[in-house]
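Coordinates from run05.cif are shown below (mmCIF, C-alpha atoms).
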data_target
loop_
_atom_site.group_PDB
_atom_site.id
_atom_site.type_symbol
_atom_site.label_atom_id
_atom_site.label_comp_id
_atom_site.auth_asym_id
_atom_site.auth_seq_id
_atom_site.Cartn_x
_atom_site.Cartn_y
_atom_site.Cartn_z
ATOM 1 C CA THR A 1 103.557 78.468 89.642
ATOM 2 C CA LYS A 2 103.777 80.367 86.367
ATOM 3 C CA GLY A 3 105.702 83.626 86.318
ATOM 4 C CA PHE A 4 104.087 86.746 87.714
ATOM 5 C CA TYR A 5 104.903 90.344 88.533
ATOM 6 C CA MET A 6 103.949 91.732 91.943
ATOM 7 C CA ARG A 7 103.828 95.390 92.985
ATOM 8 C CA LEU A 8 106.610 96.225 95.423
ATOM 9 C CA TYR A 9 104.167 97.580 98.003
ATOM 10 C CA PRO A 10 100.455 97.454 98.842
ATOM 11 C CA CYS A 11 98.062 99.494 96.705
ATOM 12 C CA THR A 12 98.163 103.096 97.926
ATOM 13 C CA GLN A 13 95.220 105.359 98.587
ATOM 14 C CA GLY A 14 96.496 107.699 95.885
ATOM 15 C CA LEU A 15 96.260 105.015 93.192
ATOM 16 C CA TYR A 16 92.970 103.616 94.424
ATOM 17 C CA GLU A 17 91.316 107.037 94.506
ATOM 18 C CA ALA A 18 92.676 107.965 91.057
ATOM 19 C CA VAL A 19 91.119 104.805 89.598
ATOM 20 C CA MET A 20 87.891 104.474 91.583
ATOM 21 C CA GLY A 21 87.125 108.155 92.244
ATOM 22 C CA GLU A 22 86.659 107.455 95.955
ATOM 23 C CA ASN A 23 88.620 106.410 99.006
ATOM 24 C CA SER A 24 86.970 105.371 102.250
ATOM 25 C CA SER A 25 90.222 104.576 104.091
ATOM 26 C CA ASN A 26 90.330 105.237 107.806
ATOM 27 C CA PHE A 27 93.894 106.638 107.831
ATOM 28 C CA ASP A 28 94.160 109.420 105.265
ATOM 29 C CA GLY A 29 97.278 109.738 103.113
ATOM 30 C CA ALA A 30 98.085 109.278 99.422
ATOM 31 C CA MET A 31 101.096 107.037 100.187
ATOM 32 C CA ARG A 32 99.384 105.072 102.921
ATOM 33 C CA PRO A 33 97.940 101.708 101.885
ATOM 34 C CA VAL A 34 94.294 101.774 100.938
ATOM 35 C CA GLU A 35 92.161 99.959 103.517
ATOM 36 C CA GLN A 36 88.458 99.458 104.175
ATOM 37 C CA VAL A 37 88.496 97.464 100.914
ATOM 38 C CA SER A 38 86.434 94.282 100.619
ATOM 39 C CA TRP A 39 87.417 91.348 98.415
ATOM 40 C CA CYS A 40 84.684 92.432 95.991
ATOM 41 C CA ASP A 41 86.039 96.012 95.935
ATOM 42 C CA ALA A 42 89.519 94.653 95.191
ATOM 43 C CA VAL A 43 88.318 92.592 92.210
ATOM 44 C CA LEU A 44 86.427 95.555 90.748
ATOM 45 C CA PHE A 45 89.477 97.796 91.253
ATOM 46 C CA CYS A 46 91.758 95.342 89.419
ATOM 47 C CA ASN A 47 89.485 95.331 86.383
ATOM 48 C CA LYS A 48 89.044 99.095 86.345
ATOM 49 C CA LEU A 49 92.799 99.725 86.561
ATOM 50 C CA SER A 50 93.375 97.207 83.752
ATOM 51 C CA GLU A 51 90.794 99.020 81.637
ATOM 52 C CA GLN A 52 92.408 102.419 82.256
ATOM 53 C CA GLU A 53 95.798 101.069 81.175
ATOM 54 C CA GLY A 54 94.449 99.326 78.067
ATOM 55 C CA LEU A 55 94.983 95.821 79.457
ATOM 56 C CA GLN A 56 92.678 92.806 79.343
ATOM 57 C CA HIS A 57 90.317 92.200 82.255
ATOM 58 C CA VAL A 58 91.340 89.196 84.331
ATOM 59 C CA TYR A 59 87.950 88.885 86.039
ATOM 60 C CA ASN A 60 84.590 88.180 84.443
ATOM 61 C CA PHE A 61 81.386 88.506 86.446
ATOM 62 C CA PRO A 62 77.651 88.867 85.957
ATOM 63 C CA THR A 63 75.636 92.036 86.416
ATOM 64 C CA PRO A 64 73.288 92.606 88.057
ATOM 65 C CA PHE A 65 73.723 90.379 91.093
ATOM 66 C CA ALA A 66 71.754 89.730 94.258
ATOM 67 C CA ASN A 67 74.506 90.483 96.784
ATOM 68 C CA ASP A 68 78.268 90.295 97.301
ATOM 69 C CA ASP A 69 78.193 86.651 98.387
ATOM 70 C CA ASP A 70 76.249 85.638 95.290
ATOM 71 C CA TRP A 71 78.491 87.755 93.060
ATOM 72 C CA SER A 72 81.768 86.417 94.453
ATOM 73 C CA LYS A 73 80.760 82.841 93.620
ATOM 74 C CA ARG A 74 80.228 83.810 89.978
ATOM 75 C CA VAL A 75 83.527 85.620 89.383
ATOM 76 C CA THR A 76 85.614 83.709 86.853
ATOM 77 C CA ILE A 77 89.193 84.264 85.684
ATOM 78 C CA ASN A 78 90.678 84.722 82.247
ATOM 79 C CA ARG A 79 94.035 83.125 83.084
ATOM 80 C CA LYS A 80 95.639 84.388 79.863
ATOM 81 C CA ALA A 81 94.712 88.050 80.398
ATOM 82 C CA ASN A 82 97.514 90.584 80.874
ATOM 83 C CA GLY A 83 95.638 92.824 83.314
ATOM 84 C CA TYR A 84 95.824 93.298 87.062
ATOM 85 C CA ARG A 85 94.608 90.764 89.570
ATOM 86 C CA LEU A 86 94.917 89.636 93.165
ATOM 87 C CA PRO A 87 97.649 87.105 93.917
ATOM 88 C CA THR A 88 96.803 83.503 94.612
ATOM 89 C CA GLU A 89 97.679 82.460 98.135
ATOM 90 C CA ALA A 90 100.607 80.401 96.814
ATOM 91 C CA GLU A 91 101.955 83.398 94.868
ATOM 92 C CA TRP A 92 101.610 85.659 97.881
ATOM 93 C CA GLU A 93 103.492 83.259 100.146
ATOM 94 C CA TYR A 94 106.235 82.590 97.578
ATOM 95 C CA ALA A 95 106.771 86.354 97.193
ATOM 96 C CA ALA A 96 106.679 86.991 100.940
ATOM 97 C CA TRP A 97 109.383 84.423 101.667
ATOM 98 C CA GLY A 98 111.557 86.359 99.207
ATOM 99 C CA GLY A 99 113.909 83.442 98.618
ATOM 100 C CA GLU A 100 114.900 83.604 102.302
ATOM 101 C CA LYS A 101 114.059 81.607 105.438
ATOM 102 C CA PHE A 102 113.067 84.343 107.869
ATOM 103 C CA GLN A 103 110.056 84.163 110.175
ATOM 104 C CA PHE A 104 108.771 87.462 108.744
ATOM 105 C CA ALA A 105 109.094 88.825 105.194
ATOM 106 C CA GLY A 106 112.729 89.964 105.158
ATOM 107 C CA SER A 107 113.838 89.421 108.774
ATOM 108 C CA ASP A 108 113.430 87.442 111.967
ATOM 109 C CA GLN A 109 112.906 90.819 113.701
ATOM 110 C CA LEU A 110 109.405 92.053 112.838
ATOM 111 C CA SER A 111 110.155 95.656 113.837
ATOM 112 C CA GLU A 112 112.690 95.829 110.951
ATOM 113 C CA VAL A 113 110.154 94.912 108.268
ATOM 114 C CA GLY A 114 106.620 95.524 109.516
ATOM 115 C CA TRP A 115 104.166 97.782 111.287
ATOM 116 C CA TYR A 116 102.261 95.777 113.880
ATOM 117 C CA GLU A 117 100.542 96.181 117.248
ATOM 118 C CA ASP A 118 103.697 97.036 119.227
ATOM 119 C CA ASN A 119 105.179 99.717 116.931
ATOM 120 C CA SER A 120 102.382 101.161 114.758
ATOM 121 C CA GLN A 121 100.926 103.663 117.263
ATOM 122 C CA GLY A 122 97.523 102.309 116.212
ATOM 123 C CA ILE A 123 97.638 103.467 112.581
ATOM 124 C CA ALA A 124 98.581 102.269 109.087
ATOM 125 C CA HIS A 125 101.806 103.885 107.852
ATOM 126 C CA PRO A 126 103.006 105.094 104.431
ATOM 127 C CA VAL A 127 104.264 102.185 102.328
ATOM 128 C CA CYS A 128 107.912 101.077 102.231
ATOM 129 C CA GLU A 129 109.130 102.780 105.402
ATOM 130 C CA LYS A 130 110.486 99.413 106.571
ATOM 131 C CA LYS A 131 113.155 97.092 105.188
ATOM 132 C CA GLU A 132 112.391 95.093 102.008
ATOM 133 C CA ASN A 133 112.500 91.307 101.749
ATOM 134 C CA GLY A 134 114.805 89.341 99.417
ATOM 135 C CA TYR A 135 112.606 90.159 96.383
ATOM 136 C CA THR A 136 112.580 93.914 97.243
ATOM 137 C CA LEU A 137 108.937 93.736 98.397
ATOM 138 C CA CYS A 138 107.835 95.992 101.274
ATOM 139 C CA ASP A 139 105.196 95.609 103.973
ATOM 140 C CA MET A 140 104.431 91.924 103.499
ATOM 141 C CA SER A 141 104.570 91.356 107.276
ATOM 142 C CA GLY A 142 102.453 94.104 108.773
ATOM 143 C CA ASN A 143 100.882 97.463 107.811
ATOM 144 C CA VAL A 144 97.741 96.039 106.098
ATOM 145 C CA THR A 145 96.561 92.496 105.559
ATOM 146 C CA GLU A 146 96.227 91.690 101.841
ATOM 147 C CA TRP A 147 93.404 89.907 100.015
ATOM 148 C CA CYS A 148 94.237 86.855 97.907
ATOM 149 C CA PHE A 149 91.940 85.508 95.220
ATOM 150 C CA ASP A 150 91.598 82.052 96.777
ATOM 151 C CA ALA A 151 88.444 80.920 98.512
ATOM 152 C CA TYR A 152 88.689 79.320 101.937
ATOM 153 C CA GLU A 153 85.130 78.075 101.588
ATOM 154 C CA SER A 154 81.989 79.387 99.870
ATOM 155 C CA ASN A 155 81.903 83.151 100.578
ATOM 156 C CA LEU A 156 85.130 83.303 102.619
ATOM 157 C CA ARG A 157 88.370 84.460 100.980
ATOM 158 C CA ILE A 158 91.986 84.318 102.126
ATOM 159 C CA LEU A 159 93.975 87.265 103.512
ATOM 160 C CA ARG A 160 97.723 87.213 104.221
ATOM 161 C CA GLY A 161 100.373 89.394 105.801
ATOM 162 C CA GLY A 162 99.383 90.592 109.265
ATOM 163 C CA SER A 163 98.668 94.281 109.917
ATOM 164 C CA TRP A 164 99.268 97.371 112.035
ATOM 165 C CA CYS A 165 96.787 96.114 114.673
ATOM 166 C CA ARG A 166 97.902 92.460 114.925
ATOM 167 C CA HIS A 167 100.215 90.612 117.303
ATOM 168 C CA ALA A 168 103.658 89.658 116.019
ATOM 169 C CA ASP A 169 102.745 85.988 115.535
ATOM 170 C CA ASN A 170 99.896 87.057 113.209
ATOM 171 C CA CYS A 171 102.474 88.724 110.930
ATOM 172 C CA GLU A 172 104.575 85.619 110.280
ATOM 173 C CA VAL A 173 104.801 84.678 106.591
ATOM 174 C CA SER A 174 103.124 81.345 107.340
ATOM 175 C CA ASN A 175 100.073 82.919 109.028
ATOM 176 C CA ARG A 176 96.726 83.031 107.199
ATOM 177 C CA TYR A 177 93.213 84.436 107.694
ATOM 178 C CA TRP A 178 89.884 84.195 105.928
ATOM 179 C CA PHE A 179 86.938 86.581 105.974
ATOM 180 C CA PHE A 180 83.639 87.259 104.258
ATOM 181 C CA VAL A 181 83.942 88.772 100.772
ATOM 182 C CA ALA A 182 81.865 91.837 101.683
ATOM 183 C CA LEU A 183 83.807 92.683 104.849
ATOM 184 C CA ARG A 184 85.626 96.025 104.948
ATOM 185 C CA ASP A 185 87.934 96.985 107.793
ATOM 186 C CA CYS A 186 90.732 99.463 108.479
ATOM 187 C CA TYR A 187 93.416 96.753 108.340
ATOM 188 C CA MET A 188 92.378 95.140 105.006
ATOM 189 C CA GLY A 189 94.082 96.134 101.761
ATOM 190 C CA LEU A 190 95.441 94.576 98.587
ATOM 191 C CA ARG A 191 98.543 94.132 96.431
ATOM 192 C CA LEU A 192 98.465 93.993 92.642
ATOM 193 C CA VAL A 193 99.812 91.180 90.501
ATOM 194 C CA ARG A 194 100.075 90.616 86.717
ATOM 195 C CA ASN A 195 101.003 87.539 84.716
ATOM 196 C CA ALA A 196 104.572 87.567 83.422
#

Show me this structure written as structure tokens.
Amino acid sequence: TKGFYMRLYPCTQGLYEAVMGENSSNFDGAMRPVEQVSWCDAVLFCNKLSEQEGLQHVYNFPTPFANDDDWSKRVTINRKANGYRLPTEAEWEYAAWGGEKFQFAGSDQLSEVGWYEDNSQGIAHPVCEKKENGYTLCDMSGNVTEWCFDAYESNLRILRGGSWCRHADNCEVSNRYWFFVALRDCYMGLRLVRNA
């Protein structure tokens, strides 16, 4: 894996709204993680944030397109670009382990590091209220599940990290999900990465 920089916490609603001009999150709050974001939304957000900061777009895609499934299959990557992107699944997992050997990102006790079904009170919480992992990253086990760039198959993409509404075993660093690229839900968010 080549070097990369990862944001310390999931993308917040404040940042997402400042860039996209809208925020359809279920749990309102500028410092809460943005959710209700599809994989396609996340890719568009990465490019728009890169553009606003004068960085190169990582993603190239055709317009117009028939639908999200069609579009997602045509997204290509400029691997040398310095802009924002989603992590690969391997990058996400490497970062989540944090150079440690805990079951969850930063601890063997999920309640120390993550918001999940048993402690979240049924909501997403402001970022970084829990303990960091060994790489000073917050919320990688719980709060919101995070999109990765990788395809599972065809129009399914990988998500990692568990969430506020998941069981503890779903929040383990080793756990993985995959969903349709157009799916939006109140436990799906993203975390930004850039090439080093």

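Taking only C-alpha atoms, the non-local environment of Thr76 in chain A within 10 Å (same-chain residues fewer than 6 positions away omitted) comprises Val58, Tyr59, Asn60, Phe61 and Pro62 of chain A.
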
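Applied to the file shown here, the PyMOL selection byres ((chain A and resi 23) around 9) selects the residues Gln13, Gly14, Tyr16, Glu17, Met20, Gly21, Glu22, Ser24, Ser25, Asp28, Val34, Glu35 and Gln36 of chain A.
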
* Would you list the contacts of Cys165 in chain A as a VMD selection string, taking every protein, DNA or RNA residue within 12 Å and counting all atoms listed in the file, but skipping same-chain residues closer than 4 positions in sequence? => chain A and resid 114 to 125 141 to 145 161 169 to 171 185 to 188

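Taking CA of Ala182 in chain A and CA of Val19 in chain A as the two end points, the separation is 20.0 Å.
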
* Nearby residues (all atoms listed in the file) at most 6 Å from Leu156 in chain A, same-chain spacing under 5 positions excluded, as a list in words -> Ala151, Trp178, Phe179, Phe180 and Val181 of chain A

* For the file shown, report as a count of residues only the outcome of the PyMOL selection byres ((chain A and resi 139) around 12) at residue level. => 53

Quick one: residues within 10 Å of Asp68 in chain A, only C-alpha atoms counted, chain neighbours fewer than 6 positions away excluded, as an mmCIF file with C-alpha atoms, keeping the file's coordinate frame?
data_model
loop_
_atom_site.group_PDB
_atom_site.id
_atom_site.type_symbol
_atom_site.label_atom_id
_atom_site.label_comp_id
_atom_site.auth_asym_id
_atom_site.auth_seq_id
_atom_site.Cartn_x
_atom_site.Cartn_y
_atom_site.Cartn_z
ATOM 1 C CA SER A 38 86.434 94.282 100.619
ATOM 2 C CA TRP A 39 87.417 91.348 98.415
ATOM 3 C CA CYS A 40 84.684 92.432 95.991
ATOM 4 C CA ASP A 41 86.039 96.012 95.935
ATOM 5 C CA ARG A 74 80.228 83.810 89.978
ATOM 6 C CA ASN A 155 81.903 83.151 100.578
ATOM 7 C CA PHE A 180 83.639 87.259 104.258
ATOM 8 C CA VAL A 181 83.942 88.772 100.772
ATOM 9 C CA ALA A 182 81.865 91.837 101.683
ATOM 10 C CA LEU A 183 83.807 92.683 104.849
#

* To do: Skip Phe149 in chain A itself and residues of its chain fewer than 5 positions away, then list as a PyMOL selection string all residues within 8 Å of it, counting all atoms listed in the file.
  => chain A and resi 86-89+157-158

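Applied to the file shown here, the PyMOL selection byres ((chain A and resi 195) around 8) selects Lys2, Gly3, Phe4, Tyr5, Lys80, Ala81, Asn82, Gly83, Val193, Arg194 and Ala196 of chain A.
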
Which centre and which edge lengths, in Å to one decimal, describe the axis-aligned box that holds all listed atoms of range 129-146 of chain A after 6 Å is added on each side, as JSON?
{"center_x": 105.5, "center_y": 96.1, "center_z": 102.6, "size_x": 30.6, "size_y": 25.4, "size_z": 24.4}

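What separates CA of Ser50 in chain A from CA of Tyr84 in chain A is a distance of 5.7 Å.
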
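Note that the spacing between CA of Glu91 in chain A and CA of Val43 in chain A amounts to 16.7 Å.
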
* Asked: For Leu49 in chain A, which residue out of A:Ala90, A:Leu192, A:Ala168, A:Ala30 is the nearest one, using all atoms listed in the file?
  -> A:Leu192

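With only C-alpha atoms as the atoms that count, the minimum distance from Asn175 in chain A to the choices A:Asp70, A:Lys48, A:Arg79, A:Glu93 is reached by A:Glu93.
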